[in-house]
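target_35.pdb, holding PDB, C-alpha atoms:
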```
ATOM      1  CA  GLY A  18       0.000   0.000   0.000
ATOM      2  CA  ASP A  19       2.907   2.405   0.743
ATOM      3  CA  MET A  20       3.939   2.514  -2.892
ATOM      4  CA  LYS A  21       0.411   3.569  -3.901
ATOM      5  CA  VAL A  22       0.441   6.349  -1.305
ATOM      6  CA  PHE A  23       3.890   7.451  -2.504
ATOM      7  CA  THR A  24       2.746   7.533  -6.164
ATOM      8  CA  ALA A  25      -0.374   9.492  -5.198
ATOM      9  CA  LEU A  26       1.753  11.951  -3.217
ATOM     10  CA  ALA A  27       4.252  12.320  -6.068
ATOM     11  CA  ALA A  28       1.421  12.975  -8.516
ATOM     12  CA  LEU A  29      -0.075  15.475  -6.077
ATOM     13  CA  SER A  30       3.221  17.317  -5.600
ATOM     14  CA  ILE A  31       3.755  17.550  -9.385
ATOM     15  CA  PHE A  32       0.190  18.816  -9.710
ATOM     16  CA  SER A  33       0.722  21.437  -6.990
ATOM     17  CA  LEU A  34       4.018  22.419  -8.640
ATOM     18  CA  LEU A  35       2.151  23.048 -11.900
ATOM     19  CA  LEU A  36      -0.546  24.920  -9.995
ATOM     20  CA  GLY A  37       2.148  26.973  -8.314
ATOM     21  CA  VAL A  38       3.652  27.970 -11.649
ATOM     22  CA  ALA A  39       0.235  29.031 -12.953
ATOM     23  CA  ALA A  40      -0.467  30.947  -9.731
ATOM     24  CA  ALA A  41       2.899  32.715  -9.960
ATOM     25  CA  GLU A  42       2.068  33.953 -13.468
ATOM     26  CA  GLU A  43      -1.247  35.325 -12.226
ATOM     27  CA  GLY A  44      -0.016  36.156  -8.757
ATOM     28  CA  PHE A  45       1.397  39.627  -9.346
ATOM     29  CA  ILE A  46       0.049  42.462  -7.217
ATOM     30  CA  SER A  47       0.023  45.993  -8.688
ATOM     31  CA  PRO A  48       2.320  47.776  -9.489
ATOM     32  CA  PHE A  49       4.095  44.486 -10.282
ATOM     33  CA  TYR A  50       2.918  42.650 -13.396
ATOM     34  CA  ARG A  51       5.978  40.929 -14.908
ATOM     35  CA  VAL A  52       9.119  39.076 -13.888
ATOM     36  CA  LEU A  53      11.930  41.613 -13.505
ATOM     37  CA  SER A  54      15.322  40.469 -14.753
ATOM     38  CA  VAL A  55      18.404  42.014 -16.363
ATOM     39  CA  LYS A  56      17.602  42.433 -20.063
ATOM     40  CA  SER A  57      18.897  44.494 -22.944
ATOM     41  CA  PRO A  58      17.688  47.212 -23.036
ATOM     42  CA  LEU A  59      17.316  47.389 -19.235
ATOM     43  CA  LEU A  60      13.730  47.200 -17.967
ATOM     44  CA  GLU A  61      12.304  50.383 -16.464
ATOM     45  CA  GLY A  62       8.924  51.569 -15.231
ATOM     46  CA  ASN A  63       6.941  52.145 -12.042
ATOM     47  CA  ASP A  64       7.424  48.503 -11.016
ATOM     48  CA  VAL A  65      11.220  48.898 -11.171
ATOM     49  CA  THR A  66      11.157  52.237  -9.301
ATOM     50  CA  VAL A  67       8.970  50.788  -6.524
ATOM     51  CA  ALA A  68      11.031  47.572  -6.328
ATOM     52  CA  GLN A  69      14.226  49.598  -5.831
ATOM     53  CA  ALA A  70      12.645  51.735  -3.092
ATOM     54  CA  LEU A  71      11.310  48.687  -1.213
ATOM     55  CA  LEU A  72      14.549  46.710  -1.608
ATOM     56  CA  SER A  73      16.434  49.593  -0.018
ATOM     57  CA  ARG A  74      14.296  49.082   3.141
ATOM     58  CA  SER A  75      15.498  45.490   3.568
ATOM     59  CA  PRO A  76      18.045  44.851   6.328
ATOM     60  CA  PHE A  77      19.680  42.272   4.019
ATOM     61  CA  VAL A  78      20.345  44.714   1.178
ATOM     62  CA  SER A  79      23.479  46.903   1.152
ATOM     63  CA  SER A  80      22.860  50.381  -0.189
ATOM     64  CA  PHE A  81      22.822  50.493  -3.986
ATOM     65  CA  ASN A  82      22.140  53.150  -6.607
ATOM     66  CA  ALA A  83      18.408  53.123  -7.441
ATOM     67  CA  SER A  84      18.838  54.024 -11.109
ATOM     68  CA  GLY A  85      15.230  53.493 -12.177
ATOM     69  CA  LYS A  86      16.424  50.619 -14.383
ATOM     70  CA  TYR A  87      16.629  46.892 -13.524
ATOM     71  CA  ASP A  88      20.428  46.687 -13.696
ATOM     72  CA  ASP A  89      23.086  44.419 -12.169
ATOM     73  CA  ALA A  90      23.069  46.389  -8.891
ATOM     74  CA  THR A  91      19.301  45.882  -8.567
ATOM     75  CA  ALA A  92      19.606  42.184  -9.441
ATOM     76  CA  ALA A  93      22.250  41.814  -6.690
ATOM     77  CA  ALA A  94      19.915  43.580  -4.227
ATOM     78  CA  VAL A  95      17.122  41.149  -5.157
ATOM     79  CA  LYS A  96      19.452  38.200  -4.561
ATOM     80  CA  SER A  97      20.413  39.536  -1.088
ATOM     81  CA  PHE A  98      16.759  40.235  -0.240
ATOM     82  CA  LEU A  99      15.605  36.735  -1.242
ATOM     83  CA  SER A 100      18.425  34.792   0.399
ATOM     84  CA  GLY A 101      18.233  36.943   3.540
ATOM     85  CA  ASN A 102      14.561  36.043   3.860
ATOM     86  CA  GLY A 103      15.239  32.318   3.434
ATOM     87  CA  LYS A 104      14.156  32.128  -0.214
ATOM     88  CA  GLU A 105      16.103  30.659  -3.111
ATOM     89  CA  ALA A 106      18.703  33.201  -4.238
ATOM     90  CA  SER A 107      17.836  34.550  -7.681
ATOM     91  CA  ASP A 108      18.604  37.766  -9.507
ATOM     92  CA  GLU A 109      15.078  37.796 -10.932
ATOM     93  CA  LEU A 110      12.106  39.298  -9.089
ATOM     94  CA  ASP A 111       9.062  37.108  -9.772
ATOM     95  CA  ALA A 112       5.530  37.330  -8.320
ATOM     96  CA  GLU A 113       6.499  35.503  -5.121
ATOM     97  CA  GLY A 114       9.458  37.834  -4.633
ATOM     98  CA  SER A 115       7.558  41.047  -5.334
ATOM     99  CA  ASN A 116       4.656  39.930  -3.099
ATOM    100  CA  LEU A 117       7.150  39.306  -0.276
ATOM    101  CA  LEU A 118       8.660  42.740  -0.893
ATOM    102  CA  LEU A 119       5.213  44.356  -0.554
ATOM    103  CA  GLN A 120       4.388  42.293   2.535
ATOM    104  CA  LEU A 121       7.610  43.151   4.376
ATOM    105  CA  HIS A 122       8.422  46.675   3.199
ATOM    106  CA  THR A 123       5.241  48.599   2.325
ATOM    107  CA  TYR A 124       5.587  50.309   5.722
ATOM    108  CA  ASP A 125       7.653  53.475   5.222
ATOM    109  CA  GLY A 126       8.473  54.199   8.869
ATOM    110  CA  TYR A 127       7.059  57.728   8.502
ATOM    111  CA  LYS A 128       6.112  59.328  11.847
ATOM    112  CA  ASP A 129       4.150  62.553  12.200
ATOM    113  CA  ASP A 130       6.155  65.193  14.100
ATOM    114  CA  GLY A 131       3.145  67.025  15.564
ATOM    115  CA  LYS A 132       4.151  70.248  13.777
ATOM    116  CA  ILE A 133       3.210  72.320  10.750
ATOM    117  CA  PRO A 134       5.932  73.912   8.592
ATOM    118  CA  ALA A 135       5.963  77.722   8.406
ATOM    119  CA  GLY A 136       3.932  79.271   5.616
ATOM    120  CA  TYR A 137       1.025  76.809   5.606
ATOM    121  CA  LEU A 138      -2.468  77.658   6.892
ATOM    122  CA  TYR A 139      -3.662  74.170   7.862
ATOM    123  CA  LYS A 140      -2.714  70.557   8.418
ATOM    124  CA  VAL A 141      -4.733  67.334   8.300
ATOM    125  CA  HIS A 142      -3.369  64.367  10.241
ATOM    126  CA  VAL A 143      -4.702  60.954   9.188
ATOM    127  CA  PRO A 144      -3.718  57.918  11.298
ATOM    128  CA  VAL A 145      -4.155  54.623   9.416
ATOM    129  CA  TYR A 146      -3.710  50.905  10.118
ATOM    130  CA  ALA A 147      -2.128  48.331   7.813
ATOM    131  CA  ASP A 148      -5.680  46.922   7.610
ATOM    132  CA  ARG A 149      -7.417  49.697   5.710
ATOM    133  CA  THR A 150     -10.893  48.273   6.321
ATOM    134  CA  ILE A 151     -10.547  49.974   9.735
ATOM    135  CA  GLU A 152     -11.887  53.537   9.528
ATOM    136  CA  THR A 153     -10.021  56.115  11.636
ATOM    137  CA  TYR A 154     -10.404  59.705  12.841
ATOM    138  CA  ALA A 155      -8.546  62.494  11.057
ATOM    139  CA  THR A 156      -7.802  65.855  12.697
ATOM    140  CA  LEU A 157      -7.804  69.283  11.053
ATOM    141  CA  PHE A 158      -5.394  71.819  12.625
ATOM    142  CA  ASP A 159      -4.735  75.501  11.919
ATOM    143  CA  SER A 160      -1.270  77.055  11.584
ATOM    144  CA  ASN A 161      -0.912  77.137  15.409
ATOM    145  CA  MET A 162      -1.752  73.390  15.600
ATOM    146  CA  THR A 163      -5.100  74.218  17.241
ATOM    147  CA  VAL A 164      -7.644  71.438  16.633
ATOM    148  CA  LEU A 165     -10.450  72.720  14.388
ATOM    149  CA  HIS A 166     -12.298  69.494  13.504
ATOM    150  CA  LYS A 167     -12.104  65.714  14.021
ATOM    151  CA  PHE A 168     -13.776  63.436  11.501
ATOM    152  CA  LYS A 169     -14.019  59.806  10.406
ATOM    153  CA  VAL A 170     -12.142  58.760   7.243
ATOM    154  CA  ARG A 171     -11.592  55.674   5.089
ATOM    155  CA  THR A 172      -8.314  55.210   3.166
ATOM    156  CA  HIS A 173      -8.961  51.787   1.578
ATOM    157  CA  GLY A 174      -8.423  51.680  -2.191
ATOM    158  CA  GLN A 175      -9.813  49.161  -4.663
ATOM    159  CA  ASN A 176      -9.328  45.395  -4.617
ATOM    160  CA  ASP A 177      -7.787  43.655  -7.631
ATOM    161  CA  ALA A 178      -9.433  40.944  -9.743
ATOM    162  CA  SER A 179      -8.308  38.295  -7.207
ATOM    163  CA  GLY A 180      -9.961  40.232  -4.372
ATOM    164  CA  ARG A 181      -6.675  41.368  -2.804
ATOM    165  CA  ASP A 182      -6.058  44.941  -1.651
ATOM    166  CA  ILE A 183      -4.224  47.009  -4.240
ATOM    167  CA  PRO A 184      -1.278  48.433  -2.285
ATOM    168  CA  GLN A 185      -0.321  52.104  -2.027
ATOM    169  CA  PHE A 186       2.095  51.726  -4.963
ATOM    170  CA  GLY A 187      -0.520  50.453  -7.431
ATOM    171  CA  SER A 188      -3.026  52.427  -9.469
ATOM    172  CA  ASN A 189      -6.316  52.834  -7.512
ATOM    173  CA  GLY A 190      -4.699  51.298  -4.409
ATOM    174  CA  ASN A 191      -4.730  52.350  -0.749
ATOM    175  CA  THR A 192      -4.037  56.007   0.142
ATOM    176  CA  PRO A 193      -0.231  56.429   0.368
ATOM    177  CA  THR A 194       1.288  57.188   3.772
ATOM    178  CA  GLY A 195       3.713  60.042   4.342
ATOM    179  CA  PHE A 196       3.802  63.839   4.384
ATOM    180  CA  SER A 197       2.578  65.948   1.440
ATOM    181  CA  THR A 198       1.428  69.401   0.447
ATOM    182  CA  PHE A 199      -2.360  69.780   0.287
ATOM    183  CA  ASP A 200      -4.724  72.330  -1.204
ATOM    184  CA  LEU A 201      -8.412  73.284  -1.298
ATOM    185  CA  ASN A 202      -9.980  72.967  -4.778
ATOM    186  CA  SER A 203     -13.458  73.786  -6.061
ATOM    187  CA  PRO A 204     -15.903  70.835  -6.289
ATOM    188  CA  GLU A 205     -15.302  67.994  -8.729
ATOM    189  CA  PRO A 206     -17.732  67.960 -11.698
ATOM    190  CA  ASP A 207     -19.189  64.569 -10.608
ATOM    191  CA  PRO A 208     -21.046  65.082  -7.284
ATOM    192  CA  LYS A 209     -22.210  61.453  -7.132
ATOM    193  CA  SER A 210     -18.634  60.190  -6.936
ATOM    194  CA  PHE A 211     -17.010  63.152  -5.172
ATOM    195  CA  GLY A 212     -19.771  65.022  -3.330
ATOM    196  CA  PRO A 213     -21.019  68.571  -4.046
ATOM    197  CA  TYR A 214     -18.452  70.389  -1.853
ATOM    198  CA  PRO A 215     -14.923  71.690  -2.431
ATOM    199  CA  VAL A 216     -12.275  68.948  -2.112
ATOM    200  CA  ASN A 217      -8.713  68.911  -0.837
ATOM    201  CA  ARG A 218      -6.045  67.693  -3.257
ATOM    202  CA  VAL A 219      -2.765  66.011  -2.309
ATOM    203  CA  VAL A 220      -0.207  67.911  -4.394
ATOM    204  CA  GLU A 221       3.342  66.676  -3.782
ATOM    205  CA  GLY A 222       4.797  64.004  -1.501
ATOM    206  CA  LEU A 223       7.683  65.219   0.677
ATOM    207  CA  GLU A 224       8.254  62.248   3.029
ATOM    208  CA  GLY A 225       7.455  58.537   3.224
ATOM    209  CA  ASN A 226       5.734  56.536   0.477
ATOM    210  CA  ALA A 227       4.080  59.764  -0.689
ATOM    211  CA  LYS A 228       7.519  61.166  -1.649
ATOM    212  CA  LEU A 229       8.167  58.143  -3.864
ATOM    213  CA  LEU A 230       4.709  58.158  -5.455
ATOM    214  CA  LEU A 231       3.261  61.660  -5.731
ATOM    215  CA  PRO A 232       2.723  63.031  -8.309
ATOM    216  CA  SER A 233       4.976  60.965 -10.614
ATOM    217  CA  ILE A 234       3.516  57.465 -10.051
ATOM    218  CA  ARG A 235       0.137  58.329  -8.521
ATOM    219  CA  ASN A 236      -1.864  61.547  -8.821
ATOM    220  CA  GLY A 237      -5.422  62.732  -8.182
ATOM    221  CA  ILE A 238      -5.553  61.766  -4.484
ATOM    222  CA  LEU A 239      -8.292  63.823  -2.848
ATOM    223  CA  LEU A 240     -10.076  64.218   0.487
ATOM    224  CA  HIS A 241     -13.734  64.090  -0.561
ATOM    225  CA  THR A 242     -17.145  62.547   0.008
ATOM    226  CA  GLY A 243     -19.818  61.156  -2.322
ATOM    227  CA  GLU A 244     -23.542  60.765  -2.800
ATOM    228  CA  TRP A 245     -23.286  57.017  -2.198
ATOM    229  CA  ASP A 246     -26.226  54.726  -2.980
ATOM    230  CA  ASN A 247     -28.091  53.346   0.044
ATOM    231  CA  TRP A 248     -25.415  54.689   2.379
ATOM    232  CA  GLN A 249     -26.240  55.744   5.955
ATOM    233  CA  PRO A 250     -23.816  57.645   8.241
ATOM    234  CA  SER A 251     -23.783  54.577  10.520
ATOM    235  CA  ASP A 252     -22.382  52.439   7.648
ATOM    236  CA  PRO A 253     -18.726  51.991   6.685
ATOM    237  CA  MET A 254     -17.889  54.211   3.722
ATOM    238  CA  PRO A 255     -17.233  52.636   0.301
ATOM    239  CA  ASN A 256     -13.664  51.959  -0.846
ATOM    240  CA  SER A 257     -12.046  54.724  -2.901
ATOM    241  CA  HIS A 258      -9.610  54.684  -5.823
ATOM    242  CA  GLY A 259      -6.866  55.915  -3.501
ATOM    243  CA  CYS A 260      -8.618  59.002  -2.184
ATOM    244  CA  ILE A 261      -9.553  59.665   1.441
ATOM    245  CA  HIS A 262     -13.300  59.324   1.929
ATOM    246  CA  ALA A 263     -15.172  61.213   4.665
ATOM    247  CA  HIS A 264     -18.845  61.769   5.532
ATOM    248  CA  PRO A 265     -20.664  64.553   3.612
ATOM    249  CA  ASP A 266     -21.242  66.695   6.750
ATOM    250  CA  ASP A 267     -17.530  66.552   7.562
ATOM    251  CA  ILE A 268     -16.338  67.536   4.075
ATOM    252  CA  LYS A 269     -18.795  70.449   4.185
ATOM    253  CA  ALA A 270     -17.467  71.420   7.651
ATOM    254  CA  VAL A 271     -13.802  71.184   6.543
ATOM    255  CA  TRP A 272     -14.513  73.483   3.575
ATOM    256  CA  ASN A 273     -16.366  76.045   5.736
ATOM    257  CA  ILE A 274     -13.681  76.002   8.450
ATOM    258  CA  LEU A 275     -10.852  76.409   5.936
ATOM    259  CA  VAL A 276     -12.557  79.373   4.259
ATOM    260  CA  SER A 277     -13.134  80.925   7.722
ATOM    261  CA  ILE A 278      -9.361  80.848   8.446
ATOM    262  CA  GLY A 279      -8.481  82.497   5.121
ATOM    263  CA  VAL A 280      -7.902  79.506   2.812
ATOM    264  CA  ASP A 281      -8.805  80.189  -0.837
ATOM    265  CA  VAL A 282     -10.842  77.733  -2.887
ATOM    266  CA  HIS A 283      -8.578  77.262  -5.918
ATOM    267  CA  THR A 284     -10.253  76.360  -9.202
ATOM    268  CA  ASN A 285     -10.133  72.557  -9.521
ATOM    269  CA  THR A 286      -7.217  71.491 -11.722
ATOM    270  CA  GLY A 287      -8.635  68.053 -12.577
ATOM    271  CA  GLY A 288      -5.207  66.652 -11.733
ATOM    272  CA  ALA A 289      -3.305  68.650 -14.369
ATOM    273  CA  LEU A 290       0.476  68.831 -13.799
ATOM    274  CA  PRO A 291       2.437  70.837 -12.906
ATOM    275  CA  TYR A 292       0.074  72.033 -10.158
ATOM    276  CA  PRO A 293      -0.472  75.758 -10.867
ATOM    277  CA  TYR A 294      -1.046  77.106  -7.327
ATOM    278  CA  SER A 295       0.945  77.405  -4.125
ATOM    279  CA  PRO A 296      -0.520  74.703  -1.826
ATOM    280  CA  GLN A 297      -2.045  76.263   1.302
ATOM    281  CA  GLY A 298      -1.943  73.202   3.568
ATOM    282  CA  VAL A 299      -0.180  69.940   4.391
ATOM    283  CA  ILE A 300      -1.387  66.414   5.042
ATOM    284  CA  SER A 301       0.237  63.737   7.171
ATOM    285  CA  VAL A 302      -0.916  60.141   6.634
ATOM    286  CA  GLU A 303       0.724  57.969   9.286
ATOM    287  CA  GLN A 304       0.509  54.194   9.709
ATOM    288  CA  ILE A 305       0.246  53.754  13.480
ATOM    289  CA  ASP A 306       0.667  49.979  13.660
ATOM    290  CA  GLY A 307       3.925  49.761  11.659
TER     291      GLY A 307
END
```
Written as C-alpha cells, how would this file's structure read?
Amino acid sequence: GDMKVFTALAALSIFSLLLGVAAAEEGFISPFYRVLSVKSPLLEGNDVTVAQALLSRSPFVSSFNASGKYDDATAAAVKSFLSGNGKEASDELDAEGSNLLLQLHTYDGYKDDGKIPAGYLYKVHVPVYADRTIETYATLFDSNMTVLHKFKVRTHGQNDASGRDIPQFGSNGNTPTGFSTFDLNSPEPDPKSFGPYPVNRVVEGLEGNAKLLLPSIRNGILLHTGEWDNWQPSDPMPNSHGCIHAHPDDIKAVWNILVSIGVDVHTNTGGALPYPYSPQGVISVEQIDG
C-alpha cells in the first residue's frame, strides 16, 4: 500500500508544482505585473522604481544606486533580499518575490512630528492601520496646531481581480502614507462620486511613500465625500480609488472652516500637472501599527 500512497503523493506534488507555476504567473500584485530580470535594453517603469525603493528598506540589502532601471546592482539587491529572507537566491524578481517585498516593506516608517511647517495655513493628520478596512479619525489643525475638527475617514483603495487589496504603490490602491502638500480645490464635476463640496487635493509628496509616489507614479488623491447609494452615516464608507473618503457633513465642515481661516478655494485642476497654485496646507498620513 505504501507505494500507492507514494505515487499518489508524487502525482499530487507535481500537480501542486504546476498549480504553483500558474499561480505565480497570475499572482502579481500591482504595481508588479511581470518578472523583472536584467535584459537588454534594461527594464524600467513604475514597477522597477517601486522595487528599488522597497529593496532599499530590507536589512539584508546593502545600499545600492536606485537608477530606475533593472540593472546588475538591482539584481544583486534582489538576490540579497531573497536569500536573507530564506528564499532561493535569484537575480530575478518574480511574483512571489515582489509579493514578499510588498508584505515586508510597504511600511515606510514615517512618523508625524506634531508640527506644521511655516507658511502653511492648515494641516490634516490621518492615522491609518495596515488593515485599511478599519476607519479612523482624522484631525484638522490651523497654523498654530489648534484642533479645528475631528472626523471619520476611510483610506482603503480598490481590490484587484483576485480580491486582494491594491497596495499604495498600485493604481487605484490604498491612500499612500507620508507627508505631502495639500490644497483646497473647487468641487469635482461629478457630485455622485465626489460630493457637491470643495475637495482637498494632495499635491506633492515630501516624506514617506508619498515622496516616492506623488505626483509621478500616482496623482489625483483627494479628500472628498460622495452621494453614495443606500449609504447611511452609521455604515462603513465605500472603498475609494486611492482618495480619502469622509462623511458629507464633515467635508462640508472642513470646507467652511478652511474658508473661515483664510484659505482660498482654488479652481479645480482636474489633476493637471504641474500644479499651478501654491498649496495652502499639508497632510500627514501615518501608519500607526507599523
Minimum-distance residue to Phe158 (chain A), chosen among A:Thr284, A:Gly85, A:His122, A:Lys140 (using all atoms listed in the file)
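So, comparing all the options, the nearest one is A:Lys140.
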As a list of chain:residue names, please: the residues near Ala112 (chain A) (cut-off 6 Å, all atoms listed in the file, same-chain neighbours under 3 positions excluded).
A:Ala41, A:Gly44, A:Phe45, A:Ser115, A:Asn116
Please measure the separation of CA of Asp266 (chain A) and CA of Val164 (chain A), giving the value in Å to one decimal.
17.5 Å
How would you write, as a PyMOL selection string, the residues chosen by the PyMOL selection byres ((chain A and resi 65) around 12) on this structure?
chain A and resi 47-55+59-64+66-72+83-88+91-92+95+109-110+115+186+234
Could you check the closest approach to Asn191 (chain A) for each of A:Pro250, A:Gly126, A:Val302, A:His283 and tell me which residue wins, using all atoms listed in the file?
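Distance minimum relative to Asn191 (chain A) lands on A:Val302.
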Give me, please, the distance in Å between CA of Arg171 (chain A) and CA of Pro193 (chain A), quoted to one decimal.
12.3 Å
Return as a PyMOL selection string the set of residues that the PyMOL selection byres ((chain A and resi 199) around 10) yields on the displayed structure.
chain A and resi 137+139-141+196-198+200-202+217-222+238-240+295-301
Contacts of Asn285 (chain A) within 8 Å, only C-alpha atoms, excl. fewer than 6 positions in-chain, as a PyMOL selection string
chain A and resi 202-205
Residue selection dump (C-alpha atoms) as an mmCIF file, in the frame of the given file:
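So again17.cif came out as:
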```
data_model
loop_
_atom_site.group_PDB
_atom_site.id
_atom_site.type_symbol
_atom_site.label_atom_id
_atom_site.label_comp_id
_atom_site.auth_asym_id
_atom_site.auth_seq_id
_atom_site.Cartn_x
_atom_site.Cartn_y
_atom_site.Cartn_z
ATOM 1 C CA ASN A 202 -9.980 72.967 -4.778
ATOM 2 C CA SER A 203 -13.458 73.786 -6.061
ATOM 3 C CA PRO A 204 -15.903 70.835 -6.289
ATOM 4 C CA GLU A 205 -15.302 67.994 -8.729
#
```
Please list as number ranges by chain every residue within 8 Å of Gly174 (chain A), counting all atoms listed in the file and excluding residues in the same chain fewer than 4 positions away.
A: 182-184, 189-192, 256-260
Export of prior selection with C-alpha atoms as a PDB file, in the frame of the given file:
```pdb
ATOM      1  CA  ASP A 182      -6.058  44.941  -1.651  1.00  0.00           C
ATOM      2  CA  ILE A 183      -4.224  47.009  -4.240  1.00  0.00           C
ATOM      3  CA  PRO A 184      -1.278  48.433  -2.285  1.00  0.00           C
ATOM      4  CA  ASN A 189      -6.316  52.834  -7.512  1.00  0.00           C
ATOM      5  CA  GLY A 190      -4.699  51.298  -4.409  1.00  0.00           C
ATOM      6  CA  ASN A 191      -4.730  52.350  -0.749  1.00  0.00           C
ATOM      7  CA  THR A 192      -4.037  56.007   0.142  1.00  0.00           C
ATOM      8  CA  ASN A 256     -13.664  51.959  -0.846  1.00  0.00           C
ATOM      9  CA  SER A 257     -12.046  54.724  -2.901  1.00  0.00           C
ATOM     10  CA  HIS A 258      -9.610  54.684  -5.823  1.00  0.00           C
ATOM     11  CA  GLY A 259      -6.866  55.915  -3.501  1.00  0.00           C
ATOM     12  CA  CYS A 260      -8.618  59.002  -2.184  1.00  0.00           C
TER      13      CYS A 260
END
```
Nearest residue to Ser160 (chain A) from the set A:Ala135, A:Val143, A:Glu224, A:Ser73 (distances using only C-alpha atoms):
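Using only C-alpha atoms, the shortest distance to Ser160 (chain A) belongs to A:Ala135.
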I'd like the interatomic distance between CA of Glu113 (chain A) and CA of Lys128 (chain A), to a tenth of an Å.
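CA of Lys128 (chain A) lies 29.3 Å from CA of Glu113 (chain A).
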Determine the nearest neighbour of Asp306 (chain A) from the options A:Tyr154, A:Phe77, A:Trp248, A:Tyr146, counting all atoms listed in the file.
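When distances to Asp306 (chain A) are compared using all atoms listed in the file, the smallest one comes from A:Tyr146.
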Find the residues around Gly279 (chain A) up to 9 Å (only C-alpha atoms counted), leave out those fewer than 4 positions away in its own chain, and share them as a list in words.
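Counting only the stated atoms, we get Leu138, Ile274 and Leu275 of chain A.
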So which residues get picked by the PyMOL selection byres ((chain A and resi 303) around 6) here, written as number ranges by chain?
A: 144-145, 194, 302, 304-305
Padded axis-aligned box of region 66-84 of chain A (4 Å per side), centre and edge lengths, Å, one decimal, as AutoDock Vina command-line options:
```
--center_x 16.2 --center_y 48.1 --center_z -2.4 --size_x 22.5 --size_y 19.8 --size_z 25.4
```
Quick one: residues within 9 Å of His264 (chain A), all atoms listed in the file, excluding same-chain residues fewer than 5 positions away - as a short mmCIF file (atom, residue, chain, number, x, y, z; two decimals) with C-alpha atoms, in the coordinates of the input?
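Wrote it out as out07.cif, contents follow:
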```
data_model
loop_
_atom_site.label_atom_id
_atom_site.label_comp_id
_atom_site.auth_asym_id
_atom_site.auth_seq_id
_atom_site.Cartn_x
_atom_site.Cartn_y
_atom_site.Cartn_z
CA PHE A 168 -13.78 63.44 11.50
CA LYS A 169 -14.02 59.81 10.41
CA VAL A 170 -12.14 58.76 7.24
CA HIS A 241 -13.73 64.09 -0.56
CA THR A 242 -17.14 62.55 0.01
CA GLY A 243 -19.82 61.16 -2.32
CA PRO A 250 -23.82 57.64 8.24
CA MET A 254 -17.89 54.21 3.72
CA LYS A 269 -18.80 70.45 4.18
#
```
So which one's closest to His166 (chain A), A:Asp130, A:Asp125, A:Asp108, A:Asp267? Using only C-alpha atoms, please.
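Checking each candidate against His166 (chain A), we get A:Asp267 as the closest.
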Which one is closest to Gln175 (chain A): A:Phe98, A:Asn273, A:Ser75, A:Pro255? Count all atoms listed in the file.
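Counting all atoms listed in the file, the residue closest to Gln175 (chain A) is A:Pro255.
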Please rebuild region 87-98 of chain A with N, CA, C and O atoms and return the result as a CSV table (one decimal), keeping the file's coordinate frame.
```csv
chain,number,residue,atom,x,y,z
A,87,TYR,N,16.3,48.2,-14.2
A,87,TYR,CA,16.6,46.9,-13.5
A,87,TYR,C,18.0,46.4,-14.0
A,87,TYR,O,18.1,45.7,-15.0
A,88,ASP,N,19.0,46.9,-13.3
A,88,ASP,CA,20.4,46.7,-13.7
A,88,ASP,C,21.1,45.6,-12.8
A,88,ASP,O,20.4,45.1,-11.9
A,89,ASP,N,22.4,45.4,-13.0
A,89,ASP,CA,23.1,44.4,-12.2
A,89,ASP,C,23.0,44.7,-10.7
A,89,ASP,O,22.9,43.8,-9.9
A,90,ALA,N,23.1,46.0,-10.3
A,90,ALA,CA,23.1,46.4,-8.9
A,90,ALA,C,21.7,46.0,-8.3
A,90,ALA,O,21.6,45.5,-7.1
A,91,THR,N,20.6,46.2,-9.0
A,91,THR,CA,19.3,45.9,-8.6
A,91,THR,C,19.1,44.4,-8.5
A,91,THR,O,18.6,43.9,-7.5
A,92,ALA,N,19.7,43.7,-9.5
A,92,ALA,CA,19.6,42.2,-9.4
A,92,ALA,C,20.3,41.6,-8.2
A,92,ALA,O,19.9,40.7,-7.6
A,93,ALA,N,21.5,42.2,-7.9
A,93,ALA,CA,22.2,41.8,-6.7
A,93,ALA,C,21.5,42.1,-5.4
A,93,ALA,O,21.5,41.3,-4.5
A,94,ALA,N,20.8,43.2,-5.4
A,94,ALA,CA,19.9,43.6,-4.2
A,94,ALA,C,18.8,42.6,-4.1
A,94,ALA,O,18.5,42.1,-2.9
A,95,VAL,N,18.2,42.2,-5.2
A,95,VAL,CA,17.1,41.1,-5.2
A,95,VAL,C,17.6,39.8,-4.6
A,95,VAL,O,17.0,39.2,-3.7
A,96,LYS,N,18.8,39.4,-5.0
A,96,LYS,CA,19.5,38.2,-4.6
A,96,LYS,C,19.7,38.3,-3.0
A,96,LYS,O,19.3,37.3,-2.3
A,97,SER,N,20.2,39.4,-2.5
A,97,SER,CA,20.4,39.5,-1.1
A,97,SER,C,19.1,39.5,-0.3
A,97,SER,O,19.0,38.9,0.7
A,98,PHE,N,18.1,40.2,-0.9
A,98,PHE,CA,16.8,40.2,-0.2
A,98,PHE,C,16.2,38.8,-0.1
A,98,PHE,O,15.7,38.4,0.9
```
